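Just final_21.pdb here, PDB, C-alpha atoms, pLDDT in the B column:
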ATOM      1  CA  MET A 140      -0.907 -18.501   7.357  1.00 83.00           C
ATOM      2  CA  ILE A 141      -2.208 -15.907   4.919  1.00 90.00           C
ATOM      3  CA  VAL A 142      -4.059 -16.586   1.679  1.00 92.00           C
ATOM      4  CA  PHE A 143      -4.155 -14.094  -1.167  1.00 94.00           C
ATOM      5  CA  GLU A 144      -7.240 -13.709  -3.343  1.00 92.00           C
ATOM      6  CA  LYS A 145      -7.419 -11.748  -6.560  1.00 91.00           C
ATOM      7  CA  GLN A 146     -10.565  -9.620  -6.433  1.00 88.00           C
ATOM      8  CA  ASP A 147     -12.897  -9.014  -9.322  1.00 82.00           C
ATOM      9  CA  VAL A 148     -14.079  -5.492  -8.614  1.00 80.00           C
ATOM     10  CA  SER A 149     -17.521  -5.343 -10.113  1.00 74.00           C
ATOM     11  CA  ARG A 150     -19.450  -2.427 -11.489  1.00 73.00           C
ATOM     12  CA  SER A 151     -21.193  -2.179  -8.125  1.00 73.00           C
ATOM     13  CA  PHE A 152     -18.049  -0.396  -6.901  1.00 76.00           C
ATOM     14  CA  ARG A 153     -19.234   2.592  -8.917  1.00 77.00           C
ATOM     15  CA  LEU A 154     -21.890   3.025  -6.242  1.00 84.00           C
ATOM     16  CA  PRO A 155     -20.618   5.241  -3.417  1.00 86.00           C
ATOM     17  CA  SER A 156     -22.524   3.171  -0.825  1.00 88.00           C
ATOM     18  CA  VAL A 157     -20.676  -0.020  -1.844  1.00 88.00           C
ATOM     19  CA  VAL A 158     -17.284   1.675  -1.685  1.00 89.00           C
ATOM     20  CA  LYS A 159     -18.155   3.306   1.640  1.00 91.00           C
ATOM     21  CA  LYS A 160     -19.107  -0.072   3.140  1.00 92.00           C
ATOM     22  CA  GLU A 161     -15.909  -1.719   1.893  1.00 90.00           C
ATOM     23  CA  VAL A 162     -13.746   1.147   3.144  1.00 94.00           C
ATOM     24  CA  ARG A 163     -15.438   0.975   6.564  1.00 93.00           C
ATOM     25  CA  ARG A 164     -14.690  -2.773   6.673  1.00 91.00           C
ATOM     26  CA  LEU A 165     -10.966  -1.930   6.441  1.00 93.00           C
ATOM     27  CA  SER A 166     -11.065   0.239   9.603  1.00 93.00           C
ATOM     28  CA  PRO A 167      -9.206   3.311   8.343  1.00 94.00           C
ATOM     29  CA  GLN A 168      -7.898   5.499  11.151  1.00 94.00           C
ATOM     30  CA  SER A 169      -8.007   8.861   9.390  1.00 94.00           C
ATOM     31  CA  GLU A 170      -9.609  10.759   6.547  1.00 95.00           C
ATOM     32  CA  TYR A 171      -6.312  10.368   4.667  1.00 92.00           C
ATOM     33  CA  GLU A 172      -6.609   6.556   4.878  1.00 93.00           C
ATOM     34  CA  ARG A 173     -10.303   6.670   3.869  1.00 94.00           C
ATOM     35  CA  ASN A 174      -9.508   8.756   0.777  1.00 93.00           C
ATOM     36  CA  TRP A 175      -6.538   6.548  -0.028  1.00 91.00           C
ATOM     37  CA  LEU A 176      -8.718   3.400   0.127  1.00 93.00           C
ATOM     38  CA  ARG A 177     -11.438   5.020  -2.004  1.00 92.00           C
ATOM     39  CA  ALA A 178      -8.803   5.790  -4.641  1.00 91.00           C
ATOM     40  CA  CYS A 179      -7.587   2.185  -4.472  1.00 91.00           C
ATOM     41  CA  PHE A 180     -11.075   0.821  -5.186  1.00 90.00           C
ATOM     42  CA  GLN A 181     -11.711   3.419  -7.887  1.00 88.00           C
ATOM     43  CA  GLN A 182      -8.510   2.486  -9.688  1.00 89.00           C
ATOM     44  CA  ALA A 183      -9.302  -1.249  -9.410  1.00 89.00           C
ATOM     45  CA  GLU A 184     -12.864  -0.706 -10.644  1.00 86.00           C
ATOM     46  CA  SER A 185     -11.544   1.092 -13.701  1.00 83.00           C
ATOM     47  CA  LYS A 186      -9.226  -1.887 -14.358  1.00 83.00           C
ATOM     48  CA  GLU A 187      -6.085   0.234 -14.018  1.00 85.00           C
ATOM     49  CA  THR A 188      -4.843  -2.111 -11.289  1.00 91.00           C
ATOM     50  CA  THR A 189      -5.444  -5.623 -10.046  1.00 92.00           C
ATOM     51  CA  LEU A 190      -6.718  -5.809  -6.474  1.00 93.00           C
ATOM     52  CA  TYR A 191      -5.859  -8.578  -4.012  1.00 95.00           C
ATOM     53  CA  TYR A 192      -7.138  -9.327  -0.521  1.00 94.00           C
ATOM     54  CA  ALA A 193      -4.904 -10.905   2.116  1.00 95.00           C
ATOM     55  CA  LYS A 194      -6.905 -13.070   4.522  1.00 94.00           C
ATOM     56  CA  ALA A 195      -6.167 -15.340   7.447  1.00 90.00           C
ATOM     57  CA  LEU A 196      -6.325 -18.936   6.190  1.00 87.00           C
ATOM     58  CA  ASP A 197      -8.172 -20.333   9.193  1.00 87.00           C
ATOM     59  CA  THR A 198     -10.714 -17.548   9.822  1.00 87.00           C
ATOM     60  CA  GLN A 199     -10.868 -15.806   6.422  1.00 88.00           C
ATOM     61  CA  ASN A 200     -10.605 -12.507   8.328  1.00 91.00           C
ATOM     62  CA  LEU A 201      -9.247  -9.686   6.217  1.00 93.00           C
ATOM     63  CA  ILE A 202      -5.661  -8.675   7.079  1.00 95.00           C
ATOM     64  CA  GLY A 203      -4.910  -6.264   4.258  1.00 95.00           C
ATOM     65  CA  ILE A 204      -5.260  -5.381   0.600  1.00 95.00           C
ATOM     66  CA  PHE A 205      -2.880  -4.488  -2.178  1.00 95.00           C
ATOM     67  CA  SER A 206      -3.177  -3.495  -5.810  1.00 94.00           C
ATOM     68  CA  LEU A 207      -0.657  -3.924  -8.575  1.00 94.00           C
ATOM     69  CA  SER A 208      -0.103  -2.592 -12.068  1.00 93.00           C
ATOM     70  CA  ILE A 209       2.456  -3.103 -14.800  1.00 91.00           C
ATOM     71  CA  SER A 210       4.185   0.014 -16.066  1.00 88.00           C
ATOM     72  CA  LYS A 211       6.798   0.908 -18.689  1.00 82.00           C
ATOM     73  CA  PRO A 212       8.126   4.195 -17.315  1.00 73.00           C
ATOM     74  CA  ASP A 213      11.024   4.488 -19.755  1.00 72.00           C
ATOM     75  CA  ASN A 214       9.346   2.627 -22.661  1.00 70.00           C
ATOM     76  CA  ARG A 215      12.065  -0.045 -22.452  1.00 74.00           C
ATOM     77  CA  THR A 216      11.672  -1.892 -19.180  1.00 77.00           C
ATOM     78  CA  SER A 217       8.579  -3.165 -17.402  1.00 87.00           C
ATOM     79  CA  TRP A 218       7.967  -2.634 -13.723  1.00 90.00           C
ATOM     80  CA  MET A 219       5.425  -4.118 -11.371  1.00 93.00           C
ATOM     81  CA  VAL A 220       4.140  -1.171  -9.360  1.00 94.00           C
ATOM     82  CA  ILE A 221       2.639  -1.651  -5.925  1.00 95.00           C
ATOM     83  CA  GLU A 222      -0.030   1.005  -6.289  1.00 94.00           C
ATOM     84  CA  TYR A 223      -1.618   0.426  -2.903  1.00 94.00           C
ATOM     85  CA  LEU A 224      -0.704  -1.679   0.112  1.00 95.00           C
ATOM     86  CA  TYR A 225      -2.877  -1.433   3.191  1.00 95.00           C
ATOM     87  CA  VAL A 226      -2.674  -3.483   6.365  1.00 95.00           C
ATOM     88  CA  LEU A 227      -5.611  -3.281   8.759  1.00 95.00           C
ATOM     89  CA  PRO A 228      -4.713  -1.400  11.959  1.00 94.00           C
ATOM     90  CA  ASP A 229      -5.013  -4.542  14.130  1.00 93.00           C
ATOM     91  CA  PHE A 230      -2.155  -6.165  12.182  1.00 93.00           C
ATOM     92  CA  ARG A 231       0.255  -3.232  11.899  1.00 91.00           C
ATOM     93  CA  GLY A 232       3.634  -3.155  13.592  1.00 85.00           C
ATOM     94  CA  GLN A 233       3.463  -6.615  15.099  1.00 86.00           C
ATOM     95  CA  TYR A 234       4.485 -10.106  14.135  1.00 89.00           C
ATOM     96  CA  TYR A 235       1.783 -12.085  12.391  1.00 90.00           C
ATOM     97  CA  GLU A 236       0.587 -15.000  14.510  1.00 88.00           C
ATOM     98  CA  GLN A 237       3.592 -17.072  15.604  1.00 85.00           C
ATOM     99  CA  SER A 238       5.822 -16.103  12.668  1.00 88.00           C
ATOM    100  CA  GLN A 239       8.930 -13.936  12.660  1.00 92.00           C
ATOM    101  CA  PHE A 240       7.347 -11.633  10.089  1.00 92.00           C
ATOM    102  CA  LYS A 241       4.923  -8.735  10.119  1.00 93.00           C
ATOM    103  CA  ALA A 242       1.782  -8.955   7.983  1.00 93.00           C
ATOM    104  CA  SER A 243       3.172  -6.273   5.656  1.00 93.00           C
ATOM    105  CA  GLU A 244       6.351  -8.320   5.130  1.00 93.00           C
ATOM    106  CA  LEU A 245       4.315 -11.413   4.280  1.00 93.00           C
ATOM    107  CA  ILE A 246       2.240  -9.422   1.798  1.00 94.00           C
ATOM    108  CA  VAL A 247       5.356  -7.957   0.132  1.00 94.00           C
ATOM    109  CA  ALA A 248       6.870 -11.468  -0.050  1.00 93.00           C
ATOM    110  CA  GLU A 249       3.730 -12.628  -1.890  1.00 94.00           C
ATOM    111  CA  ILE A 250       4.017  -9.666  -4.269  1.00 95.00           C
ATOM    112  CA  ILE A 251       7.630 -10.623  -5.020  1.00 93.00           C
ATOM    113  CA  LEU A 252       6.574 -14.230  -5.750  1.00 93.00           C
ATOM    114  CA  LEU A 253       3.781 -12.972  -7.993  1.00 93.00           C
ATOM    115  CA  ALA A 254       6.235 -10.698  -9.837  1.00 93.00           C
ATOM    116  CA  ARG A 255       8.533 -13.659 -10.456  1.00 92.00           C
ATOM    117  CA  LYS A 256       5.639 -15.658 -11.935  1.00 92.00           C
ATOM    118  CA  ILE A 257       4.559 -12.766 -14.152  1.00 90.00           C
ATOM    119  CA  SER A 258       8.173 -12.193 -15.190  1.00 89.00           C
ATOM    120  CA  SER A 259       8.101 -15.493 -17.064  1.00 87.00           C
ATOM    121  CA  ILE A 260       5.467 -13.908 -19.341  1.00 86.00           C
ATOM    122  CA  VAL A 261       6.380 -10.209 -19.226  1.00 83.00           C
ATOM    123  CA  ASN A 262      10.012  -9.329 -18.604  1.00 85.00           C
ATOM    124  CA  LEU A 263       9.773  -7.380 -15.346  1.00 90.00           C
ATOM    125  CA  GLU A 264      12.873  -5.553 -14.209  1.00 92.00           C
ATOM    126  CA  LEU A 265      11.706  -3.968 -10.945  1.00 93.00           C
ATOM    127  CA  ILE A 266       9.035  -3.990  -8.301  1.00 95.00           C
ATOM    128  CA  ALA A 267       8.456  -0.335  -7.466  1.00 94.00           C
ATOM    129  CA  LEU A 268       6.361   1.676  -5.038  1.00 94.00           C
ATOM    130  CA  GLN A 269       5.838   5.238  -3.987  1.00 92.00           C
ATOM    131  CA  LEU A 270       6.231   5.727  -0.246  1.00 91.00           C
ATOM    132  CA  ALA A 271       2.971   6.653   1.441  1.00 86.00           C
ATOM    133  CA  HIS A 272       4.894   7.889   4.520  1.00 84.00           C
ATOM    134  CA  ASP A 273       8.562   8.617   5.131  1.00 86.00           C
ATOM    135  CA  ARG A 274       8.475   6.481   8.270  1.00 89.00           C
ATOM    136  CA  LEU A 275       7.961   3.383   6.085  1.00 90.00           C
ATOM    137  CA  GLN A 276      11.289   3.749   4.284  1.00 93.00           C
ATOM    138  CA  PRO A 277      13.341   1.691   6.810  1.00 94.00           C
ATOM    139  CA  SER A 278      10.805  -1.146   6.639  1.00 92.00           C
ATOM    140  CA  TYR A 279      11.017  -1.311   2.857  1.00 94.00           C
ATOM    141  CA  GLU A 280      14.809  -1.068   2.980  1.00 95.00           C
ATOM    142  CA  ASN A 281      14.806  -4.108   5.292  1.00 93.00           C
ATOM    143  CA  MET A 282      12.825  -5.943   2.594  1.00 93.00           C
ATOM    144  CA  GLY A 283      15.426  -5.138  -0.082  1.00 94.00           C
ATOM    145  CA  PHE A 284      14.001  -1.949  -1.598  1.00 96.00           C
ATOM    146  CA  VAL A 285      16.244   1.020  -2.385  1.00 96.00           C
ATOM    147  CA  VAL A 286      15.385   4.632  -3.140  1.00 94.00           C
ATOM    148  CA  ILE A 287      15.332   5.263  -6.884  1.00 91.00           C
ATOM    149  CA  GLN A 288      13.879   8.784  -6.743  1.00 84.00           C
ATOM    150  CA  ARG A 289      14.158  11.152  -3.833  1.00 84.00           C
ATOM    151  CA  ALA A 290      11.762  13.956  -3.048  1.00 72.00           C
ATOM    152  CA  THR A 291      12.644  17.301  -4.608  1.00 74.00           C
ATOM    153  CA  LYS A 292      11.136  20.778  -4.577  1.00 72.00           C
ATOM    154  CA  LYS A 293       9.137  19.912  -7.716  1.00 74.00           C
ATOM    155  CA  HIS A 294       8.227  16.322  -6.779  1.00 71.00           C
ATOM    156  CA  ASN A 295       7.568  15.386  -3.192  1.00 76.00           C
ATOM    157  CA  GLU A 296       7.299  11.669  -3.934  1.00 85.00           C
ATOM    158  CA  VAL A 297       9.882   9.110  -2.877  1.00 89.00           C
ATOM    159  CA  TRP A 298      10.034   6.024  -5.080  1.00 91.00           C
ATOM    160  CA  MET A 299      11.656   2.765  -4.019  1.00 93.00           C
ATOM    161  CA  ALA A 300      12.291  -0.437  -5.959  1.00 94.00           C
ATOM    162  CA  THR A 301      13.781  -3.897  -5.757  1.00 95.00           C
ATOM    163  CA  PRO A 302      14.856  -6.072  -8.694  1.00 93.00           C
ATOM    164  CA  VAL A 303      12.751  -9.018  -9.790  1.00 92.00           C
ATOM    165  CA  ILE A 304      15.143 -11.931  -9.440  1.00 80.00           C
TER     166      ILE A 304
END
Structure encoded using structure tokens:
Amino acid sequence: MIVFEKQDVSRSFRLPSVVKKEVRRLSPQSEYERNWLRACFQQAESKETTLYYAKALDTQNLIGIFSLSISKPDNRTSWMVIEYLYVLPDFRGQYYEQSQFKASELIVAEIILLARKISSIVNLELIALQLAHDRLQPSYENMGFVVIQRATKKHNEVWMATPVI
């Protein structure tokens, strides 16, 4: 079982040593992942996003993190944007404990539940994300996401979304 805790990112995250320690705790496997995690904490510290930790219920060991924001890209509809989703390397690509789901799938399921709760206050139309890697597209498609913007010569980002039901 996984528990999800909203994190209050304090002003101490402005200190590079605090961010460095927290990034190290997440066991990034490349400089790309380290920079990506630093950006996640920086955005949460500036209150642009809300940061959540996913932890094992029994041990309280960290499994992953995610951050969310609310956006109005067309000034008419509201979207919940998954700004960052990171699963620690030890939990990637395998089923979580004795379940039939991967840790990333359980985290996305929690995000969908959270979006439904928030939708009772703010009318959310979509849950959207920008793919960090092309190889993740089939995983998100299996979770109900569809491509809403493909990469082009001008924009190399791929955006996917699923409706908030």
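As for CA of Asn214 (chain A) and CA of Glu280 (chain A), they are spaced 26.5 Å apart.
For the choices A:Leu263, A:Met299, A:Val226, A:Ala242, the atom-to-atom distance to Ser166 (chain A) is smallest for A:Val226 when using all atoms listed in the file.
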Can you spell out as a PDB file with C-alpha atoms, keeping the file's coordinate frame the set of residues that the PyMOL selection byres ((chain A and resi 195-208) around 9) selects in the structure I just provided?
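Output below, filename part10.pdb:
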ATOM      1  CA  MET A 140      -0.907 -18.501   7.357  1.00 83.00           C
ATOM      2  CA  ILE A 141      -2.208 -15.907   4.919  1.00 90.00           C
ATOM      3  CA  VAL A 142      -4.059 -16.586   1.679  1.00 92.00           C
ATOM      4  CA  PHE A 143      -4.155 -14.094  -1.167  1.00 94.00           C
ATOM      5  CA  ARG A 164     -14.690  -2.773   6.673  1.00 91.00           C
ATOM      6  CA  LEU A 165     -10.966  -1.930   6.441  1.00 93.00           C
ATOM      7  CA  CYS A 179      -7.587   2.185  -4.472  1.00 91.00           C
ATOM      8  CA  GLN A 182      -8.510   2.486  -9.688  1.00 89.00           C
ATOM      9  CA  ALA A 183      -9.302  -1.249  -9.410  1.00 89.00           C
ATOM     10  CA  GLU A 187      -6.085   0.234 -14.018  1.00 85.00           C
ATOM     11  CA  THR A 188      -4.843  -2.111 -11.289  1.00 91.00           C
ATOM     12  CA  THR A 189      -5.444  -5.623 -10.046  1.00 92.00           C
ATOM     13  CA  LEU A 190      -6.718  -5.809  -6.474  1.00 93.00           C
ATOM     14  CA  TYR A 191      -5.859  -8.578  -4.012  1.00 95.00           C
ATOM     15  CA  TYR A 192      -7.138  -9.327  -0.521  1.00 94.00           C
ATOM     16  CA  ALA A 193      -4.904 -10.905   2.116  1.00 95.00           C
ATOM     17  CA  LYS A 194      -6.905 -13.070   4.522  1.00 94.00           C
ATOM     18  CA  ILE A 209       2.456  -3.103 -14.800  1.00 91.00           C
ATOM     19  CA  SER A 210       4.185   0.014 -16.066  1.00 88.00           C
ATOM     20  CA  TRP A 218       7.967  -2.634 -13.723  1.00 90.00           C
ATOM     21  CA  MET A 219       5.425  -4.118 -11.371  1.00 93.00           C
ATOM     22  CA  VAL A 220       4.140  -1.171  -9.360  1.00 94.00           C
ATOM     23  CA  ILE A 221       2.639  -1.651  -5.925  1.00 95.00           C
ATOM     24  CA  GLU A 222      -0.030   1.005  -6.289  1.00 94.00           C
ATOM     25  CA  TYR A 223      -1.618   0.426  -2.903  1.00 94.00           C
ATOM     26  CA  LEU A 224      -0.704  -1.679   0.112  1.00 95.00           C
ATOM     27  CA  TYR A 225      -2.877  -1.433   3.191  1.00 95.00           C
ATOM     28  CA  VAL A 226      -2.674  -3.483   6.365  1.00 95.00           C
ATOM     29  CA  LEU A 227      -5.611  -3.281   8.759  1.00 95.00           C
ATOM     30  CA  PRO A 228      -4.713  -1.400  11.959  1.00 94.00           C
ATOM     31  CA  ASP A 229      -5.013  -4.542  14.130  1.00 93.00           C
ATOM     32  CA  PHE A 230      -2.155  -6.165  12.182  1.00 93.00           C
ATOM     33  CA  ALA A 242       1.782  -8.955   7.983  1.00 93.00           C
ATOM     34  CA  SER A 243       3.172  -6.273   5.656  1.00 93.00           C
ATOM     35  CA  ILE A 246       2.240  -9.422   1.798  1.00 94.00           C
ATOM     36  CA  ILE A 250       4.017  -9.666  -4.269  1.00 95.00           C
TER      37      ILE A 250
END
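Using only C-alpha atoms, the smallest distance between any of A:Gln269, A:Ser156, A:Gln276, A:Asn281 and Lys241 (chain A) comes from A:Asn281.
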**Prompt:** So how far away is CA of Leu245 (chain A) from CA of Pro167 (chain A), in Å?
**Reply:** 20.4 Å
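Reported to one decimal place, the separation of CA of Gln168 (chain A) from CA of Gln239 (chain A) is 25.8 Å.
Ranking A:Lys293, A:Ala300, A:Lys211, A:Ser217 by their shortest atom-to-atom distance to Tyr279 (chain A), with all atoms listed in the file included, puts A:Ala300 first.
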**Request:** Run through the PyMOL selection byres ((chain A and resi 298) around 9) on the given coordinates and return the selected residues as a PyMOL selection string.
**Result:** chain A and resi 267-270+285-290+296-297+299-300
Since the input lacks some atoms of region 234-245 of chain A, please model all heavy atoms and print them as a PDB file, in the frame of the given file.
ATOM      1  N   TYR A 234       4.246  -8.864  14.858  1.00 89.00           N
ATOM      2  CA  TYR A 234       4.485 -10.106  14.135  1.00 89.00           C
ATOM      3  C   TYR A 234       3.162 -10.828  13.917  1.00 89.00           C
ATOM      4  O   TYR A 234       2.292 -10.834  14.780  1.00 89.00           O
ATOM      5  CB  TYR A 234       5.482 -10.986  14.883  1.00 89.00           C
ATOM      6  CG  TYR A 234       6.844 -10.350  14.918  1.00 89.00           C
ATOM      7  CD1 TYR A 234       7.340  -9.789  16.085  1.00 89.00           C
ATOM      8  CD2 TYR A 234       7.620 -10.259  13.771  1.00 89.00           C
ATOM      9  CE1 TYR A 234       8.580  -9.167  16.110  1.00 89.00           C
ATOM     10  CE2 TYR A 234       8.852  -9.644  13.780  1.00 89.00           C
ATOM     11  CZ  TYR A 234       9.329  -9.101  14.956  1.00 89.00           C
ATOM     12  OH  TYR A 234      10.545  -8.487  14.964  1.00 89.00           O
ATOM     13  N   TYR A 235       3.025 -11.411  12.747  1.00 90.00           N
ATOM     14  CA  TYR A 235       1.783 -12.085  12.391  1.00 90.00           C
ATOM     15  C   TYR A 235       1.764 -13.482  13.006  1.00 90.00           C
ATOM     16  O   TYR A 235       2.662 -14.279  12.747  1.00 90.00           O
ATOM     17  CB  TYR A 235       1.614 -12.155  10.872  1.00 90.00           C
ATOM     18  CG  TYR A 235       0.314 -12.795  10.481  1.00 90.00           C
ATOM     19  CD1 TYR A 235      -0.875 -12.116  10.661  1.00 90.00           C
ATOM     20  CD2 TYR A 235       0.275 -14.086   9.990  1.00 90.00           C
ATOM     21  CE1 TYR A 235      -2.087 -12.699  10.330  1.00 90.00           C
ATOM     22  CE2 TYR A 235      -0.929 -14.680   9.658  1.00 90.00           C
ATOM     23  CZ  TYR A 235      -2.107 -13.983   9.836  1.00 90.00           C
ATOM     24  OH  TYR A 235      -3.294 -14.574   9.527  1.00 90.00           O
ATOM     25  N   GLU A 236       0.764 -13.730  13.800  1.00 88.00           N
ATOM     26  CA  GLU A 236       0.587 -15.000  14.510  1.00 88.00           C
ATOM     27  C   GLU A 236       1.900 -15.396  15.180  1.00 88.00           C
ATOM     28  O   GLU A 236       2.475 -14.613  15.909  1.00 88.00           O
ATOM     29  CB  GLU A 236       0.041 -16.072  13.565  1.00 88.00           C
ATOM     30  CG  GLU A 236      -1.393 -15.800  13.142  1.00 88.00           C
ATOM     31  CD  GLU A 236      -1.985 -16.880  12.271  1.00 88.00           C
ATOM     32  OE1 GLU A 236      -1.246 -17.733  11.733  1.00 88.00           O
ATOM     33  OE2 GLU A 236      -3.213 -16.871  12.125  1.00 88.00           O
ATOM     34  N   GLN A 237       2.373 -16.590  14.950  1.00 85.00           N
ATOM     35  CA  GLN A 237       3.592 -17.072  15.604  1.00 85.00           C
ATOM     36  C   GLN A 237       4.818 -16.957  14.704  1.00 85.00           C
ATOM     37  O   GLN A 237       5.856 -17.537  14.991  1.00 85.00           O
ATOM     38  CB  GLN A 237       3.406 -18.536  16.040  1.00 85.00           C
ATOM     39  CG  GLN A 237       2.212 -18.775  16.943  1.00 85.00           C
ATOM     40  CD  GLN A 237       2.285 -17.965  18.243  1.00 85.00           C
ATOM     41  OE1 GLN A 237       3.337 -17.846  18.835  1.00 85.00           O
ATOM     42  NE2 GLN A 237       1.157 -17.405  18.663  1.00 85.00           N
ATOM     43  N   SER A 238       4.707 -16.206  13.614  1.00 88.00           N
ATOM     44  CA  SER A 238       5.822 -16.103  12.668  1.00 88.00           C
ATOM     45  C   SER A 238       6.827 -15.046  13.123  1.00 88.00           C
ATOM     46  O   SER A 238       6.586 -14.316  14.083  1.00 88.00           O
ATOM     47  CB  SER A 238       5.311 -15.769  11.267  1.00 88.00           C
ATOM     48  OG  SER A 238       4.964 -14.406  11.177  1.00 88.00           O
ATOM     49  N   GLN A 239       7.905 -14.950  12.409  1.00 92.00           N
ATOM     50  CA  GLN A 239       8.930 -13.936  12.660  1.00 92.00           C
ATOM     51  C   GLN A 239       8.747 -12.744  11.729  1.00 92.00           C
ATOM     52  O   GLN A 239       9.650 -11.930  11.584  1.00 92.00           O
ATOM     53  CB  GLN A 239      10.312 -14.536  12.442  1.00 92.00           C
ATOM     54  CG  GLN A 239      10.620 -15.700  13.332  1.00 92.00           C
ATOM     55  CD  GLN A 239      11.955 -16.329  12.962  1.00 92.00           C
ATOM     56  OE1 GLN A 239      12.665 -15.872  12.064  1.00 92.00           O
ATOM     57  NE2 GLN A 239      12.307 -17.388  13.653  1.00 92.00           N
ATOM     58  N   PHE A 240       7.587 -12.660  11.092  1.00 92.00           N
ATOM     59  CA  PHE A 240       7.347 -11.633  10.089  1.00 92.00           C
ATOM     60  C   PHE A 240       6.084 -10.839  10.405  1.00 92.00           C
ATOM     61  O   PHE A 240       5.106 -11.370  10.912  1.00 92.00           O
ATOM     62  CB  PHE A 240       7.198 -12.262   8.700  1.00 92.00           C
ATOM     63  CG  PHE A 240       8.389 -13.081   8.301  1.00 92.00           C
ATOM     64  CD1 PHE A 240       8.361 -14.460   8.421  1.00 92.00           C
ATOM     65  CD2 PHE A 240       9.543 -12.467   7.830  1.00 92.00           C
ATOM     66  CE1 PHE A 240       9.463 -15.220   8.064  1.00 92.00           C
ATOM     67  CE2 PHE A 240      10.646 -13.219   7.476  1.00 92.00           C
ATOM     68  CZ  PHE A 240      10.609 -14.606   7.592  1.00 92.00           C
ATOM     69  N   LYS A 241       6.107  -9.578  10.015  1.00 93.00           N
ATOM     70  CA  LYS A 241       4.923  -8.735  10.119  1.00 93.00           C
ATOM     71  C   LYS A 241       4.015  -9.037   8.937  1.00 93.00           C
ATOM     72  O   LYS A 241       4.468  -9.521   7.905  1.00 93.00           O
ATOM     73  CB  LYS A 241       5.327  -7.264  10.120  1.00 93.00           C
ATOM     74  CG  LYS A 241       6.160  -6.892  11.327  1.00 93.00           C
ATOM     75  CD  LYS A 241       6.619  -5.460  11.246  1.00 93.00           C
ATOM     76  CE  LYS A 241       7.506  -5.143  12.436  1.00 93.00           C
ATOM     77  NZ  LYS A 241       8.063  -3.804  12.355  1.00 93.00           N
ATOM     78  N   ALA A 242       2.744  -8.716   9.070  1.00 93.00           N
ATOM     79  CA  ALA A 242       1.782  -8.955   7.983  1.00 93.00           C
ATOM     80  C   ALA A 242       2.229  -8.237   6.708  1.00 93.00           C
ATOM     81  O   ALA A 242       2.151  -8.797   5.611  1.00 93.00           O
ATOM     82  CB  ALA A 242       0.390  -8.508   8.399  1.00 93.00           C
ATOM     83  N   SER A 243       2.721  -7.017   6.845  1.00 93.00           N
ATOM     84  CA  SER A 243       3.172  -6.273   5.656  1.00 93.00           C
ATOM     85  C   SER A 243       4.325  -6.985   4.962  1.00 93.00           C
ATOM     86  O   SER A 243       4.394  -7.006   3.733  1.00 93.00           O
ATOM     87  CB  SER A 243       3.576  -4.851   6.035  1.00 93.00           C
ATOM     88  OG  SER A 243       4.628  -4.869   6.985  1.00 93.00           O
ATOM     89  N   GLU A 244       5.231  -7.585   5.725  1.00 93.00           N
ATOM     90  CA  GLU A 244       6.351  -8.320   5.130  1.00 93.00           C
ATOM     91  C   GLU A 244       5.868  -9.555   4.389  1.00 93.00           C
ATOM     92  O   GLU A 244       6.380  -9.885   3.318  1.00 93.00           O
ATOM     93  CB  GLU A 244       7.357  -8.714   6.215  1.00 93.00           C
ATOM     94  CG  GLU A 244       8.053  -7.528   6.850  1.00 93.00           C
ATOM     95  CD  GLU A 244       8.875  -7.887   8.072  1.00 93.00           C
ATOM     96  OE1 GLU A 244       8.505  -8.832   8.811  1.00 93.00           O
ATOM     97  OE2 GLU A 244       9.895  -7.221   8.296  1.00 93.00           O
ATOM     98  N   LEU A 245       4.874 -10.236   4.951  1.00 93.00           N
ATOM     99  CA  LEU A 245       4.315 -11.413   4.280  1.00 93.00           C
ATOM    100  C   LEU A 245       3.604 -11.025   2.992  1.00 93.00           C
ATOM    101  O   LEU A 245       3.693 -11.731   1.983  1.00 93.00           O
ATOM    102  CB  LEU A 245       3.374 -12.173   5.225  1.00 93.00           C
ATOM    103  CG  LEU A 245       4.048 -12.799   6.447  1.00 93.00           C
ATOM    104  CD1 LEU A 245       3.009 -13.300   7.437  1.00 93.00           C
ATOM    105  CD2 LEU A 245       4.986 -13.916   6.039  1.00 93.00           C
TER     106      LEU A 245
END
